[in-house]
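Below is one structure; the comments refer to it alone.
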Amino acid sequence: MLPRVLVHTAVSADGRTTGFDADLGQFYGVVAEWSADCMLTGADTIVMAPEYEPDDPTAPAPDVEPAGSQLLAVVDSRGRVRNWRWLKQFSQFWRDPLALVSRATPQEYLDEVRRAGCDALVAGDERVDLRAALELLVAERGVTRVRVDSGGALIGALFAAGLVHEVSLMVHPVFAGGADEHTVNRLVAPDGVVGAAVSAGLSLVDAQRLDGGVARLLYEVEAAG
C-alpha cells in the first residue's frame, strides 16, 4: 500500500529552482488545498534553510504540543540533520518530525534523534529505500497523501522509483539561467555525481494564472506506482 504523492515546487520559466524570488505565501497558499497528511523533504533542504543551526545534543527535548496536522518526514540516511529539537519546536507547521534512515545510519545518530523527542523509521540498507519508506509511513503512521517539498535529487529519485502521482509547478516569469544542478528533476549517483534527469509522461489537469504573472500548472503522472 502506497500513499498518493504530490510534488509541489517553484521554478523559473527555464526550469531552475534557484536564482529567482518566490512568494512563499503564494507558494504555500496554493498547495494548502491539497490537504496532505505528510510533508516529505530531504536532508539538503533542511540543512540549507537560512534558519538552520545545529542543536546542542545534550539539551533536553522541547516540551511542545503538536499543533500542525502534517507529519514531517526527512530522508536522511547519512545523518546530516542535526537540529531535531529546532524542528520539533515548529509544531504549528507540522507534527512529530521523523527521520527516514537506512540500516547503515549510525546508531548514535538515531539515539540523538530520539533524545530530541523525535522518531526514526528504517527503510533500506545503504540508502533509504523510498518505496519501503512510503509503505512504512502508511502502515505505521496512517499516511495517505504526501506532499514533497524538496530539491531535485529527492524528486528525481521518487520519479525513478515510479512513486510520484501529481506534479504542481509554480512557473515564474523569469529566466534564471546558470549552469548548476538546481533543476526540478535530477538524479545523484551514490558517488555524488549528478546524473541524467529522469523522464516521466505528464497529463495536464489544470492551469491557472496567479498574481505576479505566475502560472500554476497541475499534472497527473502517467504510469505512477
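Residues in the C-alpha cells are numbered from 1 in each chain, the chains being A, B, ... in the order shown, and ligands are numbered from 1 in the order shown.
Summary of the local environment: counting only C-alpha atoms, residues at most 10 Å from Tyr219 in chain A, other than itself and those fewer than 3 positions away along its chain, are A:Leu6, A:Val7, A:His165, A:Glu166, A:Val167, A:Ser168, A:Leu169, A:Gly201, A:Leu202, A:Ser203, A:Leu204, A:Val205, A:Asp206, A:Ala207, A:Glu222.
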Need the shell around range 42-45 of chain A: protein/DNA/RNA residues with any atom at most 10 Å away, counting only C-alpha atoms. Skip same-chain ones fewer than 4 positions apart. Format as a list of chain:residue names?
A:Ala49, A:Tyr52, A:Ala73, A:Val74, A:Val75, A:Asp76, A:Ser77, A:Arg78, A:Gly79, A:Arg80, A:Val81, A:Arg82, A:Ala99, A:Leu100, A:Val148, A:Asp149, A:Ser150, A:Gly151, A:Gly152, A:Ala153, A:Leu154, A:Ile155
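Using only C-alpha atoms, the nearest neighbour of Gly68 in chain A within the list A:Asp211, A:Glu135, A:Asp96, A:Glu53 is A:Asp96.
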Which of range 21-185 of chain A end up as strand (DSSP E) when DSSP is run on this backbone - answer as a PyMOL selection string?
chain A and resi 38-42+71-75+95-101+119-122+145-148+166-172
Take the selection from the previous step and output its residues with C-alpha atoms, as a PDB file, in the first residue's frame.
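Written out: selection12.pdb:
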```
ATOM      1  CA  CYS A  38       2.719  14.190   5.465  1.00  0.00           C
ATOM      2  CA  MET A  39       5.364  16.557   4.157  1.00  0.00           C
ATOM      3  CA  LEU A  40       8.380  14.716   2.731  1.00  0.00           C
ATOM      4  CA  THR A  41      11.692  16.507   2.375  1.00  0.00           C
ATOM      5  CA  GLY A  42      15.390  15.748   2.043  1.00  0.00           C
ATOM      6  CA  LEU A  71       3.794  14.688   9.760  1.00  0.00           C
ATOM      7  CA  LEU A  72       7.273  15.932   8.760  1.00  0.00           C
ATOM      8  CA  ALA A  73       9.422  13.124   7.275  1.00  0.00           C
ATOM      9  CA  VAL A  74      13.079  13.856   6.433  1.00  0.00           C
ATOM     10  CA  VAL A  75      15.093  11.476   4.232  1.00  0.00           C
ATOM     11  CA  ARG A  95       3.634  17.278  13.994  1.00  0.00           C
ATOM     12  CA  ASP A  96       6.128  14.627  15.027  1.00  0.00           C
ATOM     13  CA  PRO A  97       9.276  15.243  12.938  1.00  0.00           C
ATOM     14  CA  LEU A  98      10.505  11.872  11.717  1.00  0.00           C
ATOM     15  CA  ALA A  99      13.835  10.733  10.227  1.00  0.00           C
ATOM     16  CA  LEU A 100      13.736   8.233   7.364  1.00  0.00           C
ATOM     17  CA  VAL A 101      17.027   6.348   7.589  1.00  0.00           C
ATOM     18  CA  ASP A 119      11.463   9.277  15.927  1.00  0.00           C
ATOM     19  CA  ALA A 120      13.044   7.349  13.043  1.00  0.00           C
ATOM     20  CA  LEU A 121      11.905   4.716  10.560  1.00  0.00           C
ATOM     21  CA  VAL A 122      14.450   2.357   8.977  1.00  0.00           C
ATOM     22  CA  ARG A 145      -1.278  11.750   0.988  1.00  0.00           C
ATOM     23  CA  VAL A 146       2.299  13.011   0.809  1.00  0.00           C
ATOM     24  CA  ARG A 147       3.451  16.431  -0.372  1.00  0.00           C
ATOM     25  CA  VAL A 148       7.092  16.597  -1.437  1.00  0.00           C
ATOM     26  CA  GLU A 166       0.924  14.501  -9.305  1.00  0.00           C
ATOM     27  CA  VAL A 167       3.194  17.438 -10.085  1.00  0.00           C
ATOM     28  CA  SER A 168       2.279  21.021  -9.185  1.00  0.00           C
ATOM     29  CA  LEU A 169       4.553  23.653 -10.740  1.00  0.00           C
ATOM     30  CA  MET A 170       4.562  27.343  -9.894  1.00  0.00           C
ATOM     31  CA  VAL A 171       6.216  28.722 -13.041  1.00  0.00           C
ATOM     32  CA  HIS A 172       7.676  32.205 -12.513  1.00  0.00           C
TER      33      HIS A 172
END
```
May I ask for the distance between CA of Pro173 in chain A and CA of Arg16 in chain A, given in Å to one decimal place?
11.6 Å
Would you mind writing down, as a count of residues only, each residue of range 17-184 of chain A that DSSP on the backbone assigns to alpha helix (DSSP H)?
49
Who sits within 8 Å of Pro62 in chain A, only C-alpha atoms, same chain under 3 positions skipped, as a ChimeraX atom specification:
/A:85,88-89,116-117
With distances taken over only C-alpha atoms, which of A:Gly162, A:Pro3, A:Gly15, A:Gly29 is nearest to Leu136 in chain A?
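The answer is A:Pro3, which sits nearest to Leu136 in chain A.
Taking CA of Ala104 in chain A as the reference point, CA of Asp125 in chain A is found at 6.0 Å.
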Choose the residue, out of A:Ala176, A:Val143, A:Val138, A:Leu87, that has the smallest atom-to-atom separation from Val47 in chain A; count only C-alpha atoms.
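Comparing A:Ala176, A:Val143, A:Val138, A:Leu87 against Val47 in chain A, the winner is A:Leu87.
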